[in-house]
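Engineer: Handing over work-v9.cif, mmCIF, N, CA, C and O atoms.
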```
data_data
#
loop_
_atom_site.group_PDB
_atom_site.id
_atom_site.type_symbol
_atom_site.label_atom_id
_atom_site.label_comp_id
_atom_site.auth_asym_id
_atom_site.auth_seq_id
_atom_site.Cartn_x
_atom_site.Cartn_y
_atom_site.Cartn_z
ATOM 1 N N MET A 1 0.841 -1.190 0.000
ATOM 2 C CA MET A 1 0.000 0.000 0.000
ATOM 3 C C MET A 1 0.879 1.244 0.000
ATOM 4 O O MET A 1 1.861 1.321 0.719
ATOM 5 N N ASP A 2 0.520 2.208 -0.799
ATOM 6 C CA ASP A 2 1.259 3.455 -0.904
ATOM 7 C C ASP A 2 0.671 4.462 0.088
ATOM 8 O O ASP A 2 -0.438 4.960 -0.088
ATOM 9 N N LYS A 3 1.433 4.766 1.135
ATOM 10 C CA LYS A 3 0.956 5.700 2.170
ATOM 11 C C LYS A 3 0.732 7.108 1.613
ATOM 12 O O LYS A 3 -0.022 7.884 2.170
ATOM 13 N N GLY A 4 1.380 7.426 0.495
ATOM 14 C CA GLY A 4 1.228 8.745 -0.099
ATOM 15 C C GLY A 4 0.060 8.856 -1.067
ATOM 16 O O GLY A 4 -0.232 9.930 -1.568
ATOM 17 N N ALA A 5 -0.608 7.732 -1.332
ATOM 18 C CA ALA A 5 -1.738 7.751 -2.276
ATOM 19 C C ALA A 5 -2.888 8.573 -1.705
ATOM 20 O O ALA A 5 -3.182 8.512 -0.519
ATOM 21 N N ARG A 6 -3.504 9.317 -2.587
ATOM 22 C CA ARG A 6 -4.682 10.100 -2.202
ATOM 23 C C ARG A 6 -5.844 9.589 -3.032
ATOM 24 O O ARG A 6 -5.855 9.725 -4.251
ATOM 25 N N ILE A 7 -6.819 9.012 -2.372
ATOM 26 C CA ILE A 7 -7.915 8.346 -3.074
ATOM 27 C C ILE A 7 -9.214 9.110 -2.847
ATOM 28 O O ILE A 7 -9.614 9.366 -1.706
ATOM 29 N N LEU A 8 -9.865 9.445 -3.951
ATOM 30 C CA LEU A 8 -11.175 10.091 -3.921
ATOM 31 C C LEU A 8 -12.164 9.126 -4.566
ATOM 32 O O LEU A 8 -12.017 8.764 -5.728
ATOM 33 N N VAL A 9 -13.146 8.701 -3.812
ATOM 34 C CA VAL A 9 -14.172 7.806 -4.325
ATOM 35 C C VAL A 9 -15.264 8.660 -4.965
ATOM 36 O O VAL A 9 -15.791 9.569 -4.332
ATOM 37 N N PHE A 10 -15.583 8.352 -6.219
ATOM 38 C CA PHE A 10 -16.657 9.031 -6.952
ATOM 39 C C PHE A 10 -17.655 7.942 -7.297
ATOM 40 O O PHE A 10 -17.363 7.049 -8.089
ATOM 41 N N THR A 11 -18.831 7.983 -6.686
ATOM 42 C CA THR A 11 -19.711 6.820 -6.699
ATOM 43 C C THR A 11 -21.182 7.169 -6.809
ATOM 44 O O THR A 11 -21.591 8.278 -6.489
ATOM 45 N N MET A 12 -21.956 6.159 -7.191
ATOM 46 C CA MET A 12 -23.414 6.306 -7.216
ATOM 47 C C MET A 12 -24.019 5.964 -5.856
ATOM 48 O O MET A 12 -25.176 6.238 -5.609
ATOM 49 N N HIS A 13 -23.227 5.378 -4.950
ATOM 50 C CA HIS A 13 -23.737 4.964 -3.647
ATOM 51 C C HIS A 13 -23.809 6.155 -2.699
ATOM 52 O O HIS A 13 -22.800 6.736 -2.343
ATOM 53 N N SER A 14 -25.021 6.486 -2.298
ATOM 54 C CA SER A 14 -25.199 7.699 -1.503
ATOM 55 C C SER A 14 -25.439 7.436 -0.020
ATOM 56 O O SER A 14 -25.757 8.351 0.712
ATOM 57 N N GLY A 15 -25.271 6.221 0.418
ATOM 58 C CA GLY A 15 -25.472 5.928 1.832
ATOM 59 C C GLY A 15 -24.258 6.299 2.665
ATOM 60 O O GLY A 15 -23.108 6.123 2.248
ATOM 61 N N ALA A 16 -24.512 6.796 3.858
ATOM 62 C CA ALA A 16 -23.432 7.181 4.762
ATOM 63 C C ALA A 16 -22.548 5.991 5.102
ATOM 64 O O ALA A 16 -21.328 6.138 5.238
ATOM 65 N N ALA A 17 -23.136 4.805 5.212
ATOM 66 C CA ALA A 17 -22.356 3.608 5.553
ATOM 67 C C ALA A 17 -21.283 3.327 4.498
ATOM 68 O O ALA A 17 -20.166 2.933 4.837
ATOM 69 N N PHE A 18 -21.613 3.552 3.226
ATOM 70 C CA PHE A 18 -20.625 3.353 2.160
ATOM 71 C C PHE A 18 -19.460 4.327 2.329
ATOM 72 O O PHE A 18 -18.295 3.953 2.183
ATOM 73 N N ALA A 19 -19.769 5.566 2.619
ATOM 74 C CA ALA A 19 -18.729 6.584 2.776
ATOM 75 C C ALA A 19 -17.838 6.260 3.968
ATOM 76 O O ALA A 19 -16.611 6.348 3.877
ATOM 77 N N LEU A 20 -18.441 5.880 5.070
ATOM 78 C CA LEU A 20 -17.657 5.568 6.260
ATOM 79 C C LEU A 20 -16.736 4.379 6.011
ATOM 80 O O LEU A 20 -15.571 4.391 6.434
ATOM 81 N N LYS A 21 -17.213 3.377 5.300
ATOM 82 C CA LYS A 21 -16.370 2.217 4.958
ATOM 83 C C LYS A 21 -15.226 2.638 4.041
ATOM 84 O O LYS A 21 -14.106 2.156 4.174
ATOM 85 N N ALA A 22 -15.504 3.523 3.104
ATOM 86 C CA ALA A 22 -14.453 4.006 2.204
ATOM 87 C C ALA A 22 -13.354 4.713 2.982
ATOM 88 O O ALA A 22 -12.161 4.490 2.738
ATOM 89 N N PHE A 23 -13.727 5.544 3.952
ATOM 90 C CA PHE A 23 -12.736 6.233 4.771
ATOM 91 C C PHE A 23 -11.965 5.240 5.632
ATOM 92 O O PHE A 23 -10.756 5.367 5.792
ATOM 93 N N GLU A 24 -12.653 4.246 6.177
ATOM 94 C CA GLU A 24 -11.977 3.203 6.958
ATOM 95 C C GLU A 24 -10.946 2.465 6.101
ATOM 96 O O GLU A 24 -9.906 2.047 6.603
ATOM 97 N N ALA A 25 -11.241 2.295 4.816
ATOM 98 C CA ALA A 25 -10.349 1.579 3.901
ATOM 99 C C ALA A 25 -9.196 2.449 3.396
ATOM 100 O O ALA A 25 -8.327 1.962 2.688
ATOM 101 N N GLY A 26 -9.209 3.730 3.747
ATOM 102 C CA GLY A 26 -8.097 4.591 3.382
ATOM 103 C C GLY A 26 -8.395 5.694 2.398
ATOM 104 O O GLY A 26 -7.490 6.445 2.016
ATOM 105 N N ALA A 27 -9.638 5.837 1.975
ATOM 106 C CA ALA A 27 -9.982 6.920 1.062
ATOM 107 C C ALA A 27 -9.821 8.271 1.758
ATOM 108 O O ALA A 27 -9.996 8.381 2.967
ATOM 109 N N SER A 28 -9.503 9.270 0.973
ATOM 110 C CA SER A 28 -9.388 10.631 1.494
ATOM 111 C C SER A 28 -10.612 11.472 1.169
ATOM 112 O O SER A 28 -10.785 12.553 1.719
ATOM 113 N N GLY A 29 -11.448 10.967 0.268
ATOM 114 C CA GLY A 29 -12.633 11.712 -0.105
ATOM 115 C C GLY A 29 -13.710 10.805 -0.651
ATOM 116 O O GLY A 29 -13.434 9.691 -1.106
ATOM 117 N N TYR A 30 -14.934 11.294 -0.582
ATOM 118 C CA TYR A 30 -16.091 10.525 -1.045
ATOM 119 C C TYR A 30 -17.100 11.512 -1.619
ATOM 120 O O TYR A 30 -17.597 12.385 -0.911
ATOM 121 N N VAL A 31 -17.363 11.378 -2.915
ATOM 122 C CA VAL A 31 -18.286 12.278 -3.606
ATOM 123 C C VAL A 31 -19.269 11.430 -4.398
ATOM 124 O O VAL A 31 -18.874 10.517 -5.107
ATOM 125 N N THR A 32 -20.547 11.756 -4.273
ATOM 126 C CA THR A 32 -21.565 11.010 -5.014
ATOM 127 C C THR A 32 -21.760 11.617 -6.395
ATOM 128 O O THR A 32 -21.505 12.801 -6.621
ATOM 129 N N LYS A 33 -22.244 10.789 -7.309
ATOM 130 C CA LYS A 33 -22.456 11.236 -8.686
ATOM 131 C C LYS A 33 -23.601 12.239 -8.801
ATOM 132 O O LYS A 33 -23.725 12.923 -9.810
ATOM 133 N N SER A 34 -24.417 12.342 -7.756
ATOM 134 C CA SER A 34 -25.481 13.347 -7.773
ATOM 135 C C SER A 34 -24.957 14.736 -7.381
ATOM 136 O O SER A 34 -25.679 15.716 -7.453
ATOM 137 N N SER A 35 -23.696 14.814 -6.998
ATOM 138 C CA SER A 35 -23.076 16.094 -6.638
ATOM 139 C C SER A 35 -22.837 16.928 -7.887
ATOM 140 O O SER A 35 -22.722 16.399 -8.990
ATOM 141 N N SER A 36 -22.724 18.206 -7.683
ATOM 142 C CA SER A 36 -22.455 19.098 -8.820
ATOM 143 C C SER A 36 -21.008 18.937 -9.290
ATOM 144 O O SER A 36 -20.141 18.466 -8.546
ATOM 145 N N ALA A 37 -20.773 19.365 -10.518
ATOM 146 C CA ALA A 37 -19.417 19.316 -11.069
ATOM 147 C C ALA A 37 -18.471 20.165 -10.223
ATOM 148 O O ALA A 37 -17.324 19.785 -9.974
ATOM 149 N N ALA A 38 -18.960 21.302 -9.751
ATOM 150 C CA ALA A 38 -18.134 22.186 -8.926
ATOM 151 C C ALA A 38 -17.728 21.500 -7.622
ATOM 152 O O ALA A 38 -16.595 21.655 -7.151
ATOM 153 N N GLU A 39 -18.648 20.735 -7.058
ATOM 154 C CA GLU A 39 -18.351 20.025 -5.814
ATOM 155 C C GLU A 39 -17.285 18.946 -6.051
ATOM 156 O O GLU A 39 -16.379 18.760 -5.237
ATOM 157 N N LEU A 40 -17.366 18.260 -7.178
ATOM 158 C CA LEU A 40 -16.363 17.251 -7.522
ATOM 159 C C LEU A 40 -14.995 17.900 -7.727
ATOM 160 O O LEU A 40 -13.985 17.419 -7.194
ATOM 161 N N VAL A 41 -14.956 18.991 -8.441
ATOM 162 C CA VAL A 41 -13.686 19.689 -8.680
ATOM 163 C C VAL A 41 -13.082 20.166 -7.363
ATOM 164 O O VAL A 41 -11.871 20.033 -7.124
ATOM 165 N N ARG A 42 -13.918 20.691 -6.482
ATOM 166 C CA ARG A 42 -13.444 21.139 -5.163
ATOM 167 C C ARG A 42 -12.852 19.968 -4.392
ATOM 168 O O ARG A 42 -11.778 20.059 -3.802
ATOM 169 N N ALA A 43 -13.538 18.830 -4.401
ATOM 170 C CA ALA A 43 -13.068 17.647 -3.672
ATOM 171 C C ALA A 43 -11.735 17.153 -4.222
ATOM 172 O O ALA A 43 -10.849 16.776 -3.451
ATOM 173 N N VAL A 44 -11.582 17.168 -5.541
ATOM 174 C CA VAL A 44 -10.312 16.760 -6.144
ATOM 175 C C VAL A 44 -9.181 17.649 -5.633
ATOM 176 O O VAL A 44 -8.119 17.171 -5.248
ATOM 177 N N GLY A 45 -9.426 18.947 -5.588
ATOM 178 C CA GLY A 45 -8.412 19.878 -5.099
ATOM 179 C C GLY A 45 -8.062 19.656 -3.644
ATOM 180 O O GLY A 45 -6.890 19.652 -3.268
ATOM 181 N N VAL A 46 -9.066 19.446 -2.821
ATOM 182 C CA VAL A 46 -8.842 19.225 -1.383
ATOM 183 C C VAL A 46 -8.031 17.955 -1.163
ATOM 184 O O VAL A 46 -7.051 17.940 -0.408
ATOM 185 N N VAL A 47 -8.432 16.871 -1.819
ATOM 186 C CA VAL A 47 -7.728 15.597 -1.654
ATOM 187 C C VAL A 47 -6.309 15.689 -2.220
ATOM 188 O O VAL A 47 -5.360 15.181 -1.613
ATOM 189 N N ALA A 48 -6.137 16.356 -3.346
ATOM 190 C CA ALA A 48 -4.807 16.507 -3.946
ATOM 191 C C ALA A 48 -3.845 17.244 -3.016
ATOM 192 O O ALA A 48 -2.641 16.978 -3.024
ATOM 193 N N GLN A 49 -4.376 18.138 -2.192
ATOM 194 C CA GLN A 49 -3.549 18.897 -1.246
ATOM 195 C C GLN A 49 -3.393 18.179 0.091
ATOM 196 O O GLN A 49 -2.847 18.726 1.041
ATOM 197 N N GLY A 50 -3.904 16.942 0.170
ATOM 198 C CA GLY A 50 -3.733 16.156 1.388
ATOM 199 C C GLY A 50 -4.879 16.250 2.377
ATOM 200 O O GLY A 50 -4.797 15.716 3.487
ATOM 201 N N GLY A 51 -5.963 16.909 1.992
ATOM 202 C CA GLY A 51 -7.109 17.054 2.883
ATOM 203 C C GLY A 51 -8.111 15.934 2.702
ATOM 204 O O GLY A 51 -7.888 14.969 1.973
ATOM 205 N N ARG A 52 -9.232 16.077 3.401
ATOM 206 C CA ARG A 52 -10.325 15.107 3.309
ATOM 207 C C ARG A 52 -11.560 15.832 2.795
ATOM 208 O O ARG A 52 -11.838 16.961 3.196
ATOM 209 N N ALA A 53 -12.291 15.158 1.913
ATOM 210 C CA ALA A 53 -13.464 15.775 1.290
ATOM 211 C C ALA A 53 -14.652 14.833 1.350
ATOM 212 O O ALA A 53 -14.503 13.615 1.266
ATOM 213 N N LEU A 54 -15.807 15.425 1.506
ATOM 214 C CA LEU A 54 -17.053 14.679 1.589
ATOM 215 C C LEU A 54 -18.124 15.499 0.894
ATOM 216 O O LEU A 54 -18.242 16.704 1.144
ATOM 217 N N SER A 55 -18.907 14.859 0.013
ATOM 218 C CA SER A 55 -19.947 15.617 -0.683
ATOM 219 C C SER A 55 -21.013 16.059 0.314
ATOM 220 O O SER A 55 -21.228 15.432 1.352
ATOM 221 N N ASP A 56 -21.663 17.157 -0.003
ATOM 222 C CA ASP A 56 -22.635 17.751 0.915
ATOM 223 C C ASP A 56 -23.771 16.794 1.282
ATOM 224 O O ASP A 56 -24.205 16.759 2.434
ATOM 225 N N ASP A 57 -24.244 16.004 0.309
ATOM 226 C CA ASP A 57 -25.356 15.098 0.608
ATOM 227 C C ASP A 57 -24.966 14.040 1.631
ATOM 228 O O ASP A 57 -25.733 13.738 2.549
ATOM 229 N N ILE A 58 -23.770 13.521 1.533
ATOM 230 C CA ILE A 58 -23.307 12.512 2.489
ATOM 231 C C ILE A 58 -23.023 13.165 3.839
ATOM 232 O O ILE A 58 -23.328 12.595 4.890
ATOM 233 N N ALA A 59 -22.463 14.346 3.832
ATOM 234 C CA ALA A 59 -22.200 15.053 5.090
ATOM 235 C C ALA A 59 -23.499 15.284 5.861
ATOM 236 O O ALA A 59 -23.555 15.088 7.078
ATOM 237 N N ARG A 60 -24.558 15.670 5.144
ATOM 238 C CA ARG A 60 -25.860 15.870 5.800
ATOM 239 C C ARG A 60 -26.401 14.560 6.363
ATOM 240 O O ARG A 60 -26.938 14.522 7.468
ATOM 241 N N GLU A 61 -26.245 13.476 5.605
ATOM 242 C CA GLU A 61 -26.750 12.178 6.058
ATOM 243 C C GLU A 61 -26.003 11.703 7.306
ATOM 244 O O GLU A 61 -26.618 11.202 8.246
ATOM 245 N N ILE A 62 -24.692 11.865 7.321
ATOM 246 C CA ILE A 62 -23.904 11.467 8.488
ATOM 247 C C ILE A 62 -24.296 12.306 9.699
ATOM 248 O O ILE A 62 -24.468 11.789 10.802
ATOM 249 N N ALA A 63 -24.476 13.602 9.502
ATOM 250 C CA ALA A 63 -24.888 14.479 10.601
ATOM 251 C C ALA A 63 -26.259 14.076 11.133
ATOM 252 O O ALA A 63 -26.474 14.044 12.353
ATOM 253 N N ALA A 64 -27.185 13.745 10.253
ATOM 254 C CA ALA A 64 -28.522 13.328 10.679
ATOM 255 C C ALA A 64 -28.461 12.032 11.468
ATOM 256 O O ALA A 64 -29.147 11.888 12.491
ATOM 257 N N GLU A 65 -27.634 11.088 11.025
ATOM 258 C CA GLU A 65 -27.499 9.821 11.751
ATOM 259 C C GLU A 65 -26.932 10.052 13.146
ATOM 260 O O GLU A 65 -27.379 9.441 14.107
ATOM 261 N N ARG A 66 -25.969 10.928 13.244
ATOM 262 C CA ARG A 66 -25.376 11.222 14.562
ATOM 263 C C ARG A 66 -26.387 11.881 15.481
ATOM 264 O O ARG A 66 -26.424 11.611 16.677
ATOM 265 N N LEU A 67 -27.216 12.757 14.935
ATOM 266 C CA LEU A 67 -28.261 13.386 15.744
ATOM 267 C C LEU A 67 -29.255 12.349 16.253
ATOM 268 O O LEU A 67 -29.676 12.395 17.404
ATOM 269 N N LEU A 68 -29.634 11.433 15.382
ATOM 270 C CA LEU A 68 -30.551 10.375 15.785
ATOM 271 C C LEU A 68 -29.958 9.491 16.867
ATOM 272 O O LEU A 68 -30.637 9.140 17.830
ATOM 273 N N LYS A 69 -28.698 9.144 16.734
ATOM 274 C CA LYS A 69 -28.054 8.324 17.751
ATOM 275 C C LYS A 69 -27.998 9.061 19.079
ATOM 276 O O LYS A 69 -28.231 8.483 20.126
ATOM 277 N N GLY A 70 -27.705 10.354 19.027
ATOM 278 C CA GLY A 70 -27.676 11.163 20.250
ATOM 279 C C GLY A 70 -29.052 11.256 20.895
ATOM 280 O O GLY A 70 -29.188 11.195 22.115
ATOM 281 N N ALA A 71 -30.089 11.379 20.084
ATOM 282 C CA ALA A 71 -31.458 11.455 20.598
ATOM 283 C C ALA A 71 -31.857 10.133 21.238
ATOM 284 O O ALA A 71 -32.525 10.114 22.274
ATOM 285 N N ARG A 72 -31.458 9.031 20.639
ATOM 286 C CA ARG A 72 -31.786 7.714 21.203
ATOM 287 C C ARG A 72 -31.111 7.523 22.544
ATOM 288 O O ARG A 72 -31.696 6.982 23.466
ATOM 289 N N ARG A 73 -29.871 7.961 22.672
ATOM 290 C CA ARG A 73 -29.152 7.823 23.942
ATOM 291 C C ARG A 73 -29.809 8.640 25.043
ATOM 292 O O ARG A 73 -29.832 8.228 26.194
ATOM 293 N N SER A 74 -30.305 9.813 24.706
ATOM 294 C CA SER A 74 -30.873 10.679 25.742
ATOM 295 C C SER A 74 -32.247 10.216 26.207
ATOM 296 O O SER A 74 -32.713 10.638 27.261
ATOM 297 N N THR A 75 -32.893 9.322 25.452
ATOM 298 C CA THR A 75 -34.208 8.841 25.868
ATOM 299 C C THR A 75 -34.125 7.509 26.615
ATOM 300 O O THR A 75 -35.136 7.024 27.099
ATOM 301 N N ILE A 76 -32.948 6.940 26.686
ATOM 302 C CA ILE A 76 -32.805 5.650 27.375
ATOM 303 C C ILE A 76 -32.537 5.846 28.827
ATOM 304 O O ILE A 76 -31.936 6.697 29.295
#
```
Would you kindly transcribe this structure into structure tokens?

Structural biologist:
Amino acid sequence: MDKGARILVFTMHSGAAFALKAFEAGASGYVTKSSSAAELVRAVGVVAQGGRALSDDIAREIAAERLLKGARRSTI
């Protein structure tokens, strides 16, 4: 495995679980095909500079899941 590799996943899979697995596997970014061209170009730039990128739709889904998990914990 090349530790210097920067991997951006560009996919039709829009579930948060797919994105989280991609990051666990070493991806630096995850962008869905429903994202705008500008969002894809931005993600390529961020990942190329060593950063991490996530498309807005997946970021919203992950945030919503975390809110739900937090709400479930507070009602138990």

Engineer: So that I can check the surroundings of Gly26 in chain A, please list as a PDB file with N, CA, C and O atoms, keeping the file's coordinate frame every protein, DNA and RNA residue that reaches within 8 Å of it, counting all atoms listed in the file and ignoring chain neighbours fewer than 6 positions away.

Structural biologist:
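Once everything was written out, this is out_24.pdb:
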```
ATOM      1  N   ASP A   2       0.520   2.208  -0.799  1.00  0.00           N
ATOM      2  CA  ASP A   2       1.259   3.455  -0.904  1.00  0.00           C
ATOM      3  C   ASP A   2       0.671   4.462   0.088  1.00  0.00           C
ATOM      4  O   ASP A   2      -0.438   4.960  -0.088  1.00  0.00           O
ATOM      5  N   LYS A   3       1.433   4.766   1.135  1.00  0.00           N
ATOM      6  CA  LYS A   3       0.956   5.700   2.170  1.00  0.00           C
ATOM      7  C   LYS A   3       0.732   7.108   1.613  1.00  0.00           C
ATOM      8  O   LYS A   3      -0.022   7.884   2.170  1.00  0.00           O
ATOM      9  N   ALA A   5      -0.608   7.732  -1.332  1.00  0.00           N
ATOM     10  CA  ALA A   5      -1.738   7.751  -2.276  1.00  0.00           C
ATOM     11  C   ALA A   5      -2.888   8.573  -1.705  1.00  0.00           C
ATOM     12  O   ALA A   5      -3.182   8.512  -0.519  1.00  0.00           O
ATOM     13  N   ARG A   6      -3.504   9.317  -2.587  1.00  0.00           N
ATOM     14  CA  ARG A   6      -4.682  10.100  -2.202  1.00  0.00           C
ATOM     15  C   ARG A   6      -5.844   9.589  -3.032  1.00  0.00           C
ATOM     16  O   ARG A   6      -5.855   9.725  -4.251  1.00  0.00           O
ATOM     17  N   ILE A   7      -6.819   9.012  -2.372  1.00  0.00           N
ATOM     18  CA  ILE A   7      -7.915   8.346  -3.074  1.00  0.00           C
ATOM     19  C   ILE A   7      -9.214   9.110  -2.847  1.00  0.00           C
ATOM     20  O   ILE A   7      -9.614   9.366  -1.706  1.00  0.00           O
ATOM     21  N   LEU A   8      -9.865   9.445  -3.951  1.00  0.00           N
ATOM     22  CA  LEU A   8     -11.175  10.091  -3.921  1.00  0.00           C
ATOM     23  C   LEU A   8     -12.164   9.126  -4.566  1.00  0.00           C
ATOM     24  O   LEU A   8     -12.017   8.764  -5.728  1.00  0.00           O
ATOM     25  N   ALA A  19     -19.769   5.566   2.619  1.00  0.00           N
ATOM     26  CA  ALA A  19     -18.729   6.584   2.776  1.00  0.00           C
ATOM     27  C   ALA A  19     -17.838   6.260   3.968  1.00  0.00           C
ATOM     28  O   ALA A  19     -16.611   6.348   3.877  1.00  0.00           O
ATOM     29  N   LEU A  20     -18.441   5.880   5.070  1.00  0.00           N
ATOM     30  CA  LEU A  20     -17.657   5.568   6.260  1.00  0.00           C
ATOM     31  C   LEU A  20     -16.736   4.379   6.011  1.00  0.00           C
ATOM     32  O   LEU A  20     -15.571   4.391   6.434  1.00  0.00           O
TER      33      LEU A  20
END
```

Engineer: Got a sec to resolve the PyMOL selection byres ((chain A and resi 46-57) around 6) on this structure and send the residues as a short mmCIF file (atom, residue, chain, number, x, y, z; two decimals) with N, CA, C and O atoms, in the coordinates of the input?

Structural biologist:
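Final output, out04.cif:
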```
data_model
loop_
_atom_site.label_atom_id
_atom_site.label_comp_id
_atom_site.auth_asym_id
_atom_site.auth_seq_id
_atom_site.Cartn_x
_atom_site.Cartn_y
_atom_site.Cartn_z
N ARG A 6 -3.50 9.32 -2.59
CA ARG A 6 -4.68 10.10 -2.20
C ARG A 6 -5.84 9.59 -3.03
O ARG A 6 -5.86 9.72 -4.25
N SER A 14 -25.02 6.49 -2.30
CA SER A 14 -25.20 7.70 -1.50
C SER A 14 -25.44 7.44 -0.02
O SER A 14 -25.76 8.35 0.71
N SER A 28 -9.50 9.27 0.97
CA SER A 28 -9.39 10.63 1.49
C SER A 28 -10.61 11.47 1.17
O SER A 28 -10.78 12.55 1.72
N GLY A 29 -11.45 10.97 0.27
CA GLY A 29 -12.63 11.71 -0.10
C GLY A 29 -13.71 10.80 -0.65
O GLY A 29 -13.43 9.69 -1.11
N TYR A 30 -14.93 11.29 -0.58
CA TYR A 30 -16.09 10.52 -1.04
C TYR A 30 -17.10 11.51 -1.62
O TYR A 30 -17.60 12.38 -0.91
N VAL A 31 -17.36 11.38 -2.92
CA VAL A 31 -18.29 12.28 -3.61
C VAL A 31 -19.27 11.43 -4.40
O VAL A 31 -18.87 10.52 -5.11
N THR A 32 -20.55 11.76 -4.27
CA THR A 32 -21.56 11.01 -5.01
C THR A 32 -21.76 11.62 -6.40
O THR A 32 -21.50 12.80 -6.62
N VAL A 41 -14.96 18.99 -8.44
CA VAL A 41 -13.69 19.69 -8.68
C VAL A 41 -13.08 20.17 -7.36
O VAL A 41 -11.87 20.03 -7.12
N ARG A 42 -13.92 20.69 -6.48
CA ARG A 42 -13.44 21.14 -5.16
C ARG A 42 -12.85 19.97 -4.39
O ARG A 42 -11.78 20.06 -3.80
N ALA A 43 -13.54 18.83 -4.40
CA ALA A 43 -13.07 17.65 -3.67
C ALA A 43 -11.74 17.15 -4.22
O ALA A 43 -10.85 16.78 -3.45
N VAL A 44 -11.58 17.17 -5.54
CA VAL A 44 -10.31 16.76 -6.14
C VAL A 44 -9.18 17.65 -5.63
O VAL A 44 -8.12 17.17 -5.25
N GLY A 45 -9.43 18.95 -5.59
CA GLY A 45 -8.41 19.88 -5.10
C GLY A 45 -8.06 19.66 -3.64
O GLY A 45 -6.89 19.65 -3.27
N ILE A 58 -23.77 13.52 1.53
CA ILE A 58 -23.31 12.51 2.49
C ILE A 58 -23.02 13.16 3.84
O ILE A 58 -23.33 12.60 4.89
N ALA A 59 -22.46 14.35 3.83
CA ALA A 59 -22.20 15.05 5.09
C ALA A 59 -23.50 15.28 5.86
O ALA A 59 -23.56 15.09 7.08
N ARG A 60 -24.56 15.67 5.14
CA ARG A 60 -25.86 15.87 5.80
C ARG A 60 -26.40 14.56 6.36
O ARG A 60 -26.94 14.52 7.47
N GLU A 61 -26.24 13.48 5.60
CA GLU A 61 -26.75 12.18 6.06
C GLU A 61 -26.00 11.70 7.31
O GLU A 61 -26.62 11.20 8.25
N ILE A 62 -24.69 11.86 7.32
CA ILE A 62 -23.90 11.47 8.49
C ILE A 62 -24.30 12.31 9.70
O ILE A 62 -24.47 11.79 10.80
#
```

Engineer: So which residues of chain A fall under helix (DSSP H, G or I) by DSSP, listed as an MDAnalysis selection string?

Structural biologist: chainID A and resid 16:24 37:48 56:75

Engineer: Between CA of His13 in chain A and CA of Ser34 in chain A, what distance in Å does the model show, to one decimal?

Structural biologist: 9.5 Å

Engineer: To box range 17-36 of chain A, take all atoms listed in the file, fit an axis-aligned box, add 8 Å on each side, and give centre and edge lengths in Å to one decimal, as JSON.

Structural biologist:
```
{"center_x": -16.6, "center_y": 10.3, "center_z": -1.4, "size_x": 34.2, "size_y": 33.5, "size_z": 32.8}
```

Engineer: Report, in Å with one decimal, the straight-line distance from CA of Met12 in chain A to CA of Gly70 in chain A.

Structural biologist: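 CA of Gly70 in chain A lies at a distance of 28.2 Å from CA of Met12 in chain A.
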
Engineer: When you draw a straight line from atom C of Ala63 in chain A to atom O of Phe18 in chain A, how long is it in Å?

Structural biologist: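 About the pair atom C of Ala63 in chain A and atom O of Phe18 in chain A: they are 15.7 Å apart.
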
Engineer: Tell me, which residues of range 24-76 of chain A carry DSSP strand (DSSP E or B), written as number ranges by chain?

Structural biologist: A: 29-32, 53-54
